[in-house]
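Novice: Next comes protein25.cif, mmCIF, C-alpha atoms:
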```cif
data_final
#
loop_
_atom_site.label_atom_id
_atom_site.label_comp_id
_atom_site.auth_asym_id
_atom_site.auth_seq_id
_atom_site.Cartn_x
_atom_site.Cartn_y
_atom_site.Cartn_z
CA VAL A 1 0.00 0.00 0.00
CA VAL A 2 1.37 3.42 -0.97
CA TRP A 3 0.44 5.02 2.38
CA ASP A 4 2.28 2.47 4.59
CA GLY A 5 5.63 4.26 4.49
CA LEU A 6 4.29 7.74 5.20
CA PRO A 7 4.55 9.31 8.67
CA GLU A 8 1.27 10.05 10.44
CA PRO A 9 1.37 13.87 9.91
CA ALA A 10 1.79 13.31 6.18
CA LEU A 11 -1.17 10.94 6.15
CA LEU A 12 -3.29 13.65 7.76
CA LEU A 13 -2.27 16.09 5.03
CA VAL A 14 -3.32 13.83 2.17
CA PRO A 15 -7.10 14.42 2.42
CA ALA A 16 -6.54 18.16 2.95
CA VAL A 17 -4.41 18.37 -0.20
CA LEU A 18 -6.96 16.36 -2.18
CA LEU A 19 -9.79 18.60 -0.96
CA LEU A 20 -7.85 21.74 -1.82
CA SER A 21 -7.09 20.39 -5.29
CA VAL A 22 -10.77 19.70 -5.94
CA LEU A 23 -11.75 23.18 -4.76
CA LEU A 24 -9.07 24.93 -6.81
CA TYR A 25 -9.63 23.00 -10.04
CA PRO A 26 -12.66 25.10 -11.15
CA LEU A 27 -10.66 28.27 -10.53
CA LEU A 28 -7.88 27.10 -12.83
CA ASN A 29 -10.28 25.55 -15.35
CA PRO A 30 -13.49 27.63 -15.32
CA ALA A 31 -16.59 26.13 -16.93
CA ILE A 32 -17.38 28.29 -19.97
CA GLU A 33 -20.30 27.89 -22.35
CA SER A 34 -21.41 29.91 -25.36
CA ALA A 35 -24.86 31.48 -25.65
CA VAL A 36 -24.65 30.76 -29.39
CA GLY A 37 -26.08 27.50 -30.66
CA PRO A 38 -27.62 24.58 -28.78
CA PRO A 39 -26.67 24.22 -25.10
CA PRO A 40 -24.72 21.15 -23.99
CA PHE A 41 -26.51 18.14 -22.55
CA THR A 42 -26.55 18.20 -18.77
CA LYS A 43 -28.25 16.17 -16.08
CA ARG A 44 -28.86 19.43 -14.22
CA ALA A 45 -31.12 20.80 -16.97
CA ASN A 46 -34.39 20.26 -15.11
CA SER A 47 -33.21 22.15 -12.03
CA THR A 48 -33.17 25.55 -10.34
CA VAL A 49 -30.37 27.88 -11.45
CA ALA A 50 -29.35 31.43 -10.61
CA PHE A 51 -27.91 34.12 -12.85
CA SER A 52 -26.32 36.93 -10.85
CA GLY A 53 -25.07 40.42 -11.67
CA SER A 54 -25.55 44.08 -10.82
CA MET A 55 -27.73 44.66 -13.93
CA ASN A 56 -26.84 48.34 -13.82
CA PRO A 57 -28.70 48.59 -16.12
CA PRO A 58 -29.87 45.31 -17.63
CA HIS A 59 -29.20 45.05 -21.37
CA LEU A 60 -29.44 42.65 -24.32
CA GLY A 61 -26.35 40.75 -23.16
CA HIS A 62 -28.03 39.88 -19.85
CA LEU A 63 -31.23 38.89 -21.61
CA ALA A 64 -29.32 36.66 -24.03
CA VAL A 65 -28.03 34.69 -21.03
CA ILE A 66 -31.58 34.31 -19.68
CA GLN A 67 -32.76 33.10 -23.11
CA TYR A 68 -29.86 30.64 -23.16
CA LEU A 69 -30.87 29.27 -19.75
CA ARG A 70 -34.40 28.82 -21.09
CA ARG A 71 -33.01 26.78 -24.00
CA ARG A 72 -31.03 24.78 -21.47
CA GLY A 73 -34.38 23.63 -20.07
CA HIS A 74 -34.07 24.72 -16.46
CA ARG A 75 -37.16 24.41 -14.31
CA ARG A 76 -36.63 27.69 -12.43
CA ILE A 77 -34.46 30.63 -13.45
CA LEU A 78 -33.67 33.03 -10.62
CA VAL A 79 -32.00 36.29 -11.62
CA VAL A 80 -30.15 37.76 -8.67
CA ILE A 81 -29.28 41.43 -8.42
CA GLY A 82 -26.69 41.63 -5.67
CA VAL A 83 -26.58 44.58 -3.28
CA ASN A 84 -23.22 45.84 -2.10
CA ARG A 85 -23.71 48.43 0.65
CA ASN A 86 -20.19 49.71 0.04
CA LYS A 87 -21.21 50.88 -3.44
CA LYS A 88 -23.60 53.67 -4.30
CA TYR A 89 -25.78 53.31 -7.36
CA ALA A 90 -27.73 56.10 -9.00
CA VAL A 91 -30.58 53.65 -9.65
CA PRO A 92 -31.63 51.48 -6.67
CA ALA A 93 -31.51 47.69 -7.02
CA GLU A 94 -35.30 47.36 -6.69
CA ARG A 95 -35.79 49.76 -9.60
CA ARG A 96 -33.29 47.79 -11.70
CA ALA A 97 -35.23 44.63 -10.84
CA GLU A 98 -38.47 46.23 -12.05
CA LEU A 99 -36.73 47.27 -15.27
CA LEU A 100 -35.45 43.74 -15.88
CA ARG A 101 -38.90 42.25 -15.26
CA SER A 102 -40.31 44.67 -17.82
CA MET A 103 -37.64 43.66 -20.35
CA CYS A 104 -38.29 39.96 -19.77
CA HIS A 105 -42.00 40.53 -20.32
CA ARG A 106 -41.36 42.32 -23.62
CA LEU A 107 -39.24 39.40 -24.84
CA GLY A 108 -41.76 36.78 -23.75
CA LEU A 109 -39.55 35.45 -20.96
CA GLU A 110 -42.39 34.82 -18.55
CA GLY A 111 -41.80 33.03 -15.27
CA VAL A 112 -38.28 34.36 -14.79
CA GLU A 113 -37.90 35.37 -11.13
CA VAL A 114 -35.91 38.51 -10.35
CA HIS A 115 -34.64 38.92 -6.79
CA VAL A 116 -32.66 41.60 -4.99
CA VAL A 117 -30.20 39.97 -2.60
CA GLU A 118 -28.01 41.59 0.03
CA GLY A 119 -25.03 39.61 1.27
CA LEU A 120 -23.39 36.48 -0.11
CA VAL A 121 -25.17 35.25 -3.23
CA TRP A 122 -23.95 31.65 -2.77
CA ARG A 123 -25.55 31.54 0.68
CA TRP A 124 -28.88 32.82 -0.66
CA ALA A 125 -28.64 30.40 -3.58
CA GLY A 126 -28.08 27.45 -1.26
CA ARG A 127 -31.22 28.30 0.71
CA HIS A 128 -33.26 28.41 -2.52
CA GLY A 129 -32.18 25.07 -3.93
CA VAL A 130 -29.96 26.46 -6.69
CA ARG A 131 -27.92 23.75 -8.41
CA THR A 132 -25.77 25.96 -10.66
CA LEU A 133 -24.69 29.62 -10.59
CA PHE A 134 -24.34 31.40 -13.93
CA ARG A 135 -22.40 34.51 -14.81
CA GLY A 136 -22.69 36.36 -18.11
CA ILE A 137 -19.47 37.54 -19.74
CA ARG A 138 -18.59 39.09 -23.08
CA SER A 139 -15.68 36.64 -23.33
CA TRP A 140 -13.24 35.14 -20.85
CA ALA A 141 -10.43 37.15 -22.46
CA LYS A 142 -12.30 40.42 -21.79
CA ASP A 143 -13.95 39.72 -18.44
CA GLY A 144 -12.09 36.77 -16.94
CA ARG A 145 -9.74 38.85 -14.83
CA SER A 146 -12.56 40.79 -13.17
CA GLU A 147 -14.59 37.61 -12.62
CA ARG A 148 -11.84 35.62 -10.89
CA PHE A 149 -12.22 37.20 -7.44
CA LEU A 150 -15.98 36.59 -7.30
CA HIS A 151 -15.39 33.07 -8.61
CA LEU A 152 -12.91 32.53 -5.78
CA LEU A 153 -15.45 33.70 -3.20
CA ASN A 154 -18.13 31.40 -4.59
CA GLN A 155 -15.72 28.46 -4.60
CA VAL A 156 -14.01 28.73 -1.20
CA GLY A 157 -16.67 30.68 0.73
CA PRO A 158 -19.15 27.82 1.20
CA PRO A 159 -16.70 25.30 2.75
CA LEU A 160 -14.96 27.95 4.88
CA LEU A 161 -17.98 29.97 6.02
CA GLY A 162 -20.94 27.66 5.50
CA LEU A 163 -19.47 24.17 5.92
CA ARG A 164 -21.05 23.14 2.62
CA TRP A 165 -19.85 22.16 -0.83
CA PRO A 166 -19.71 25.05 -3.33
CA ILE A 167 -22.36 25.44 -5.99
CA PRO A 168 -20.79 25.05 -9.46
CA THR A 169 -20.35 28.27 -11.44
CA VAL A 170 -20.72 28.38 -15.24
CA PHE A 171 -19.70 31.40 -17.31
CA VAL A 172 -21.78 32.10 -20.43
CA GLU A 173 -20.06 33.97 -23.24
CA SER A 174 -22.36 36.25 -25.20
CA HIS A 175 -23.12 36.23 -28.90
CA PRO A 176 -20.30 37.84 -30.92
CA GLN A 177 -22.70 40.60 -31.98
CA LEU A 178 -23.20 41.51 -28.31
CA THR A 179 -19.58 41.59 -27.15
CA ARG A 180 -19.57 45.40 -27.40
CA VAL A 181 -22.65 45.66 -25.16
CA SER A 182 -22.05 46.50 -21.52
CA SER A 183 -23.82 48.34 -18.72
CA THR A 184 -21.08 50.95 -18.80
CA LEU A 185 -21.76 51.66 -22.47
CA VAL A 186 -25.51 51.96 -21.83
CA ARG A 187 -24.93 54.42 -18.99
CA GLU A 188 -22.53 56.47 -21.10
CA ARG A 189 -25.04 56.63 -23.96
CA CYS A 190 -27.72 57.79 -21.54
CA GLN A 191 -25.42 60.49 -20.20
CA THR A 192 -24.51 61.82 -23.63
CA CYS A 193 -28.05 61.72 -24.99
CA ALA A 194 -29.36 65.19 -24.27
CA VAL A 195 -33.04 64.72 -25.15
CA GLU A 196 -35.50 61.91 -24.60
CA ALA A 197 -36.54 61.92 -28.26
CA ALA A 198 -33.07 60.68 -29.24
CA ALA A 199 -32.97 57.85 -26.70
CA THR A 200 -34.36 55.21 -29.06
CA GLU A 201 -31.61 55.80 -31.60
CA LYS A 202 -28.84 56.09 -28.98
CA LEU A 203 -29.77 52.88 -27.17
CA SER A 204 -30.80 50.83 -30.19
CA GLY A 205 -29.09 47.44 -30.13
CA LEU A 206 -28.19 47.77 -26.46
CA VAL A 207 -31.55 47.29 -24.71
CA PRO A 208 -34.81 45.68 -25.88
CA ALA A 209 -36.86 47.70 -28.35
CA GLY A 210 -39.50 49.71 -26.52
CA THR A 211 -37.48 50.09 -23.30
CA GLU A 212 -35.01 52.73 -24.51
CA THR A 213 -36.95 55.70 -23.13
CA GLU A 214 -37.44 54.06 -19.73
CA VAL A 215 -33.73 53.28 -19.46
CA TRP A 216 -32.81 56.82 -20.53
CA ARG A 217 -35.10 58.38 -17.94
CA LEU A 218 -33.52 56.31 -15.18
CA TYR A 219 -29.90 56.83 -16.16
CA HIS A 220 -29.70 60.18 -17.93
CA ALA A 221 -29.05 62.12 -14.72
CA GLY A 222 -27.31 59.26 -12.94
CA ASP A 223 -23.69 58.71 -11.97
CA ILE A 224 -22.01 56.50 -14.59
CA SER A 225 -18.98 55.72 -12.45
CA HIS A 226 -20.42 52.63 -10.73
#
```
Now, as a test, write the supplied structure out as structure tokens.
Specialist:
Amino acid sequence: VVWDGLPEPALLLVPAVLLLSVLLYPLLNPAIESAVGPPPFTKRANSTVAFSGSMNPPHLGHLAVIQYLRRRGHRRILVVIGVNRNKKYAVPAERRAELLRSMCHRLGLEGVEVHVVEGLVWRWAGRHGVRTLFRGIRSWAKDGRSERFLHLLNQVGPPLLGLRWPIPTVFVESHPQLTRVSSTLVRERCQTCAVEAAATEKLSGLVPAGTETEVWRLYHAGDISH
């Protein structure tokens, strides 16, 4: 037996090293899927999943992820707008949630639940039976660096703080036509659009048709730095 020659302290380290390796593997090899084309087969399809983000504001990239999760066949899709009390947003999280619900309704995405969550998203997700956490990214090359810290929290937080196994995280890359779309760009367009009448043209291709004016009204006078 391989273990027979090892001293007792080394034997005690073996399971710890194995556990650490399992926890770190997703950080070094993140699960990435593309919103383009058919989703991969998964046994978790008929399950509850959560898609989290600040949605400040929600845009076509966010909605493409929700549509992708629908095609994946998930039973419940929970969209989580996280609240960070250390950040100040010009538009409150509850108002962003209302805006996202309106956008989902316009695109026929009925039954999608939008929640505002303060605190650790993985802890809230565990209480609501979430089997997989999803994050929307333009591409790993563009957003991977900024996503790594949150991914680390979601991976090591549950065993360290909650004594539970982490919920898997999957990153969904957007359609190539949407890689330019970001909340920052939407806010900047709202800031530089001087009159409401021009909002439709300025925000075309960034938010669902018919919601441009509502987005402009919320963000025209807001602070685009967050």
Novice: Taking all atoms listed in the file into account, name the residue in A:Thr179, A:Ser174, A:Thr184, A:Thr211 that is nearest to Ser34 in chain A.
Specialist: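 Nearest to Ser34 in chain A: A:Ser174.
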Novice: Looking at all atoms listed in the file, which of A:Ile32, A:Ala199, A:Leu120, A:Val114 is the one that sits closest to Ser139 in chain A?
Specialist: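 Between A:Ile32, A:Ala199, A:Leu120, A:Val114, the residue approaching Ser139 in chain A most closely is A:Ile32.
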Novice: Pick from A:Pro30, A:Thr48, A:Val36, A:Arg145: nearest to Val170 in chain A, with only C-alpha atoms counted?
Specialist: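 That would be A:Pro30, the residue with the smallest distance to Val170 in chain A.
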Novice: Measuring atom to atom with only C-alpha atoms, identify which of A:Arg96, A:Arg76, A:His175, A:Arg217 is nearest to Val112 in chain A.
Specialist: A:Arg76
Novice: With distances taken over only C-alpha atoms, which residue among A:Leu28, A:Ala97, A:Cys104, A:Val130 lies nearest Asn46 in chain A?
Specialist: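 Going through A:Leu28, A:Ala97, A:Cys104, A:Val130 one by one, the smallest distance to Asn46 in chain A is for A:Val130.
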Novice: Name the closest residue to Leu203 in chain A among the candidates A:Leu152, A:Leu19, A:Leu60, A:Val116; distances are taken between atoms, counting only C-alpha atoms.
Specialist: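 Of A:Leu152, A:Leu19, A:Leu60, A:Val116, the one nearest Leu203 in chain A, counting only C-alpha atoms, is A:Leu60.
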Novice: Which polymer residues, protein or nucleic acid, are no farther than 10 Å from (-30.8, 28.9, -19.3), counting all atoms listed in the file, as a short mmCIF file (atom, residue, chain, number, x, y, z; two decimals) with C-alpha atoms, in the frame of the given file?
Specialist:
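That gives us point_21.cif:
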```cif
data_model
loop_
_atom_site.label_atom_id
_atom_site.label_comp_id
_atom_site.auth_asym_id
_atom_site.auth_seq_id
_atom_site.Cartn_x
_atom_site.Cartn_y
_atom_site.Cartn_z
CA ALA A 35 -24.86 31.48 -25.65
CA PRO A 39 -26.67 24.22 -25.10
CA ALA A 45 -31.12 20.80 -16.97
CA THR A 48 -33.17 25.55 -10.34
CA VAL A 49 -30.37 27.88 -11.45
CA ALA A 50 -29.35 31.43 -10.61
CA PHE A 51 -27.91 34.12 -12.85
CA ALA A 64 -29.32 36.66 -24.03
CA VAL A 65 -28.03 34.69 -21.03
CA ILE A 66 -31.58 34.31 -19.68
CA GLN A 67 -32.76 33.10 -23.11
CA TYR A 68 -29.86 30.64 -23.16
CA LEU A 69 -30.87 29.27 -19.75
CA ARG A 70 -34.40 28.82 -21.09
CA ARG A 71 -33.01 26.78 -24.00
CA ARG A 72 -31.03 24.78 -21.47
CA GLY A 73 -34.38 23.63 -20.07
CA HIS A 74 -34.07 24.72 -16.46
CA ARG A 75 -37.16 24.41 -14.31
CA ARG A 76 -36.63 27.69 -12.43
CA ILE A 77 -34.46 30.63 -13.45
CA PHE A 134 -24.34 31.40 -13.93
CA VAL A 172 -21.78 32.10 -20.43
#
```
Novice: One decimal, in Å: what's the spacing between CA of Leu109 in chain A and CA of Cys190 in chain A?
Specialist: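 Those two atoms sit 25.3 Å apart.
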Novice: Enter the distance from CA of Ala93 in chain A to CA of Gly119 in chain A, in Å, rounded to one decimal.
Specialist: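 Going from CA of Ala93 in chain A over to CA of Gly119 in chain A, I get 13.3 Å.
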Novice: For a test of reading the model, state the distance in Å between CA of Lys87 in chain A and CA of Trp216 in chain A, rounded to one decimal.
Specialist: 21.5 Å
Novice: Quick one: residues within 9 Å of Pro26 in chain A, all atoms listed in the file counted, chain neighbours fewer than 2 positions away excluded, as a VMD selection string?
Specialist: chain A and resid 22 to 24 28 to 31 151 155 168 to 169
Novice: Can you translate the PyMOL selection byres ((chain A and resi 213) around 12) into the concrete residues it hits in this file, as a PDB file with C-alpha atoms, in the coordinates of the input?
Specialist:
```pdb
ATOM      1  CA  LEU A  99     -36.730  47.270 -15.270  1.00  0.00           C
ATOM      2  CA  ARG A 189     -25.040  56.630 -23.960  1.00  0.00           C
ATOM      3  CA  CYS A 190     -27.720  57.790 -21.540  1.00  0.00           C
ATOM      4  CA  CYS A 193     -28.050  61.720 -24.990  1.00  0.00           C
ATOM      5  CA  VAL A 195     -33.040  64.720 -25.150  1.00  0.00           C
ATOM      6  CA  GLU A 196     -35.500  61.910 -24.600  1.00  0.00           C
ATOM      7  CA  ALA A 197     -36.540  61.920 -28.260  1.00  0.00           C
ATOM      8  CA  ALA A 198     -33.070  60.680 -29.240  1.00  0.00           C
ATOM      9  CA  ALA A 199     -32.970  57.850 -26.700  1.00  0.00           C
ATOM     10  CA  THR A 200     -34.360  55.210 -29.060  1.00  0.00           C
ATOM     11  CA  GLU A 201     -31.610  55.800 -31.600  1.00  0.00           C
ATOM     12  CA  LYS A 202     -28.840  56.090 -28.980  1.00  0.00           C
ATOM     13  CA  LEU A 203     -29.770  52.880 -27.170  1.00  0.00           C
ATOM     14  CA  SER A 204     -30.800  50.830 -30.190  1.00  0.00           C
ATOM     15  CA  VAL A 207     -31.550  47.290 -24.710  1.00  0.00           C
ATOM     16  CA  PRO A 208     -34.810  45.680 -25.880  1.00  0.00           C
ATOM     17  CA  ALA A 209     -36.860  47.700 -28.350  1.00  0.00           C
ATOM     18  CA  GLY A 210     -39.500  49.710 -26.520  1.00  0.00           C
ATOM     19  CA  THR A 211     -37.480  50.090 -23.300  1.00  0.00           C
ATOM     20  CA  GLU A 212     -35.010  52.730 -24.510  1.00  0.00           C
ATOM     21  CA  GLU A 214     -37.440  54.060 -19.730  1.00  0.00           C
ATOM     22  CA  VAL A 215     -33.730  53.280 -19.460  1.00  0.00           C
ATOM     23  CA  TRP A 216     -32.810  56.820 -20.530  1.00  0.00           C
ATOM     24  CA  ARG A 217     -35.100  58.380 -17.940  1.00  0.00           C
ATOM     25  CA  LEU A 218     -33.520  56.310 -15.180  1.00  0.00           C
ATOM     26  CA  TYR A 219     -29.900  56.830 -16.160  1.00  0.00           C
ATOM     27  CA  HIS A 220     -29.700  60.180 -17.930  1.00  0.00           C
TER      28      HIS A 220
END
```
Novice: Given the PyMOL selection byres ((chain A and resi 117) around 7) and the file above, list the residues it selects as an MDAnalysis selection string.
Specialist: chainID A and resid 80:83 115:116 118:119 121
Novice: May I have the centre and edge lengths, in Å to one decimal, of an axis-aligned box around the listed atoms of range 187-204 of chain A with 8 Å added to every side, as AutoDock Vina command-line options?
Specialist:
```
--center_x -29.5 --center_y 58.0 --center_z -25.3 --size_x 30.0 --size_y 30.4 --size_z 28.6
```
Novice: So that I can check the surroundings of Ile167 in chain A, please list as an NGL selection string every protein, DNA and RNA residue that reaches within 7 Å of it, counting all atoms listed in the file and ignoring chain neighbours fewer than 4 positions away.
Specialist: :A and (131-133)
Novice: Produce a file of the selected residues containing C-alpha atoms, as an mmCIF file, in the coordinates of the input.
Specialist:
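selection10.cif was written with the following content:
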```cif
data_model
loop_
_atom_site.group_PDB
_atom_site.id
_atom_site.type_symbol
_atom_site.label_atom_id
_atom_site.label_comp_id
_atom_site.auth_asym_id
_atom_site.auth_seq_id
_atom_site.Cartn_x
_atom_site.Cartn_y
_atom_site.Cartn_z
ATOM 1 C CA ARG A 131 -27.920 23.750 -8.410
ATOM 2 C CA THR A 132 -25.770 25.960 -10.660
ATOM 3 C CA LEU A 133 -24.690 29.620 -10.590
#
```
Novice: Could range 194-218 of chain A be completed with N, CA, C and O atoms and written as an mmCIF file, keeping the file's coordinate frame, please?
Specialist:
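The file below, part-v7.cif, is the result:
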```cif
data_model
loop_
_atom_site.group_PDB
_atom_site.id
_atom_site.type_symbol
_atom_site.label_atom_id
_atom_site.label_comp_id
_atom_site.auth_asym_id
_atom_site.auth_seq_id
_atom_site.Cartn_x
_atom_site.Cartn_y
_atom_site.Cartn_z
ATOM 1 N N ALA A 194 -28.840 63.991 -24.930
ATOM 2 C CA ALA A 194 -29.360 65.190 -24.270
ATOM 3 C C ALA A 194 -30.886 65.229 -24.164
ATOM 4 O O ALA A 194 -31.431 65.789 -23.214
ATOM 5 N N VAL A 195 -31.574 64.625 -25.141
ATOM 6 C CA VAL A 195 -33.040 64.720 -25.150
ATOM 7 C C VAL A 195 -33.659 63.330 -25.248
ATOM 8 O O VAL A 195 -33.100 62.413 -25.858
ATOM 9 N N GLU A 196 -34.811 63.200 -24.637
ATOM 10 C CA GLU A 196 -35.500 61.910 -24.600
ATOM 11 C C GLU A 196 -35.832 61.410 -25.999
ATOM 12 O O GLU A 196 -35.794 60.203 -26.259
ATOM 13 N N ALA A 197 -36.136 62.313 -26.908
ATOM 14 C CA ALA A 197 -36.540 61.920 -28.260
ATOM 15 C C ALA A 197 -35.438 61.149 -28.984
ATOM 16 O O ALA A 197 -35.722 60.369 -29.901
ATOM 17 N N ALA A 198 -34.187 61.345 -28.576
ATOM 18 C CA ALA A 198 -33.070 60.680 -29.240
ATOM 19 C C ALA A 198 -32.676 59.370 -28.563
ATOM 20 O O ALA A 198 -31.763 58.681 -29.027
ATOM 21 N N ALA A 199 -33.355 59.022 -27.480
ATOM 22 C CA ALA A 199 -32.970 57.850 -26.700
ATOM 23 C C ALA A 199 -33.086 56.560 -27.494
ATOM 24 O O ALA A 199 -32.234 55.670 -27.400
ATOM 25 N N THR A 200 -34.144 56.436 -28.298
ATOM 26 C CA THR A 200 -34.360 55.210 -29.060
ATOM 27 C C THR A 200 -33.193 54.930 -29.995
ATOM 28 O O THR A 200 -32.686 53.813 -30.081
ATOM 29 N N GLU A 201 -32.730 55.970 -30.684
ATOM 30 C CA GLU A 201 -31.610 55.800 -31.600
ATOM 31 C C GLU A 201 -30.308 55.515 -30.839
ATOM 32 O O GLU A 201 -29.523 54.643 -31.227
ATOM 33 N N LYS A 202 -30.086 56.231 -29.747
ATOM 34 C CA LYS A 202 -28.840 56.090 -28.980
ATOM 35 C C LYS A 202 -28.701 54.695 -28.353
ATOM 36 O O LYS A 202 -27.593 54.145 -28.263
ATOM 37 N N LEU A 203 -29.817 54.142 -27.902
ATOM 38 C CA LEU A 203 -29.770 52.880 -27.170
ATOM 39 C C LEU A 203 -30.183 51.682 -28.018
ATOM 40 O O LEU A 203 -30.273 50.567 -27.513
ATOM 41 N N SER A 204 -30.421 51.912 -29.299
ATOM 42 C CA SER A 204 -30.800 50.830 -30.190
ATOM 43 C C SER A 204 -29.697 49.772 -30.244
ATOM 44 O O SER A 204 -28.513 50.095 -30.390
ATOM 45 N N GLY A 205 -30.068 48.517 -30.104
ATOM 46 C CA GLY A 205 -29.090 47.440 -30.130
ATOM 47 C C GLY A 205 -28.420 47.174 -28.803
ATOM 48 O O GLY A 205 -27.602 46.253 -28.691
ATOM 49 N N LEU A 206 -28.773 47.965 -27.792
ATOM 50 C CA LEU A 206 -28.190 47.770 -26.460
ATOM 51 C C LEU A 206 -29.219 47.259 -25.457
ATOM 52 O O LEU A 206 -28.886 46.462 -24.567
ATOM 53 N N VAL A 207 -30.456 47.725 -25.587
ATOM 54 C CA VAL A 207 -31.550 47.290 -24.710
ATOM 55 C C VAL A 207 -32.728 46.881 -25.595
ATOM 56 O O VAL A 207 -32.776 47.248 -26.777
ATOM 57 N N PRO A 208 -33.684 46.119 -25.059
ATOM 58 C CA PRO A 208 -34.810 45.680 -25.880
ATOM 59 C C PRO A 208 -35.585 46.856 -26.470
ATOM 60 O O PRO A 208 -35.746 47.900 -25.825
ATOM 61 N N ALA A 209 -36.050 46.676 -27.700
ATOM 62 C CA ALA A 209 -36.860 47.700 -28.350
ATOM 63 C C ALA A 209 -38.082 48.013 -27.493
ATOM 64 O O ALA A 209 -38.763 47.112 -26.998
ATOM 65 N N GLY A 210 -38.354 49.284 -27.319
ATOM 66 C CA GLY A 210 -39.500 49.710 -26.520
ATOM 67 C C GLY A 210 -39.137 50.072 -25.086
ATOM 68 O O GLY A 210 -39.969 50.624 -24.357
ATOM 69 N N THR A 211 -37.892 49.762 -24.671
ATOM 70 C CA THR A 211 -37.480 50.090 -23.300
ATOM 71 C C THR A 211 -36.452 51.224 -23.271
ATOM 72 O O THR A 211 -36.009 51.632 -22.208
ATOM 73 N N GLU A 212 -36.077 51.729 -24.446
ATOM 74 C CA GLU A 212 -35.010 52.730 -24.510
ATOM 75 C C GLU A 212 -35.341 53.995 -23.694
ATOM 76 O O GLU A 212 -34.484 54.501 -22.959
ATOM 77 N N THR A 213 -36.566 54.468 -23.831
ATOM 78 C CA THR A 213 -36.950 55.700 -23.130
ATOM 79 C C THR A 213 -36.924 55.494 -21.622
ATOM 80 O O THR A 213 -36.461 56.362 -20.866
ATOM 81 N N GLU A 214 -37.420 54.343 -21.168
ATOM 82 C CA GLU A 214 -37.440 54.060 -19.730
ATOM 83 C C GLU A 214 -36.021 53.998 -19.170
ATOM 84 O O GLU A 214 -35.743 54.546 -18.093
ATOM 85 N N VAL A 215 -35.122 53.356 -19.902
ATOM 86 C CA VAL A 215 -33.730 53.280 -19.460
ATOM 87 C C VAL A 215 -33.109 54.672 -19.427
ATOM 88 O O VAL A 215 -32.409 55.043 -18.471
ATOM 89 N N TRP A 216 -33.358 55.453 -20.466
ATOM 90 C CA TRP A 216 -32.810 56.820 -20.530
ATOM 91 C C TRP A 216 -33.278 57.659 -19.356
ATOM 92 O O TRP A 216 -32.479 58.372 -18.735
ATOM 93 N N ARG A 217 -34.563 57.572 -19.039
ATOM 94 C CA ARG A 217 -35.100 58.380 -17.940
ATOM 95 C C ARG A 217 -34.433 58.029 -16.616
ATOM 96 O O ARG A 217 -34.187 58.889 -15.770
ATOM 97 N N LEU A 218 -34.136 56.748 -16.424
ATOM 98 C CA LEU A 218 -33.520 56.310 -15.180
ATOM 99 C C LEU A 218 -32.055 56.720 -15.068
ATOM 100 O O LEU A 218 -31.566 57.061 -13.992
#
```
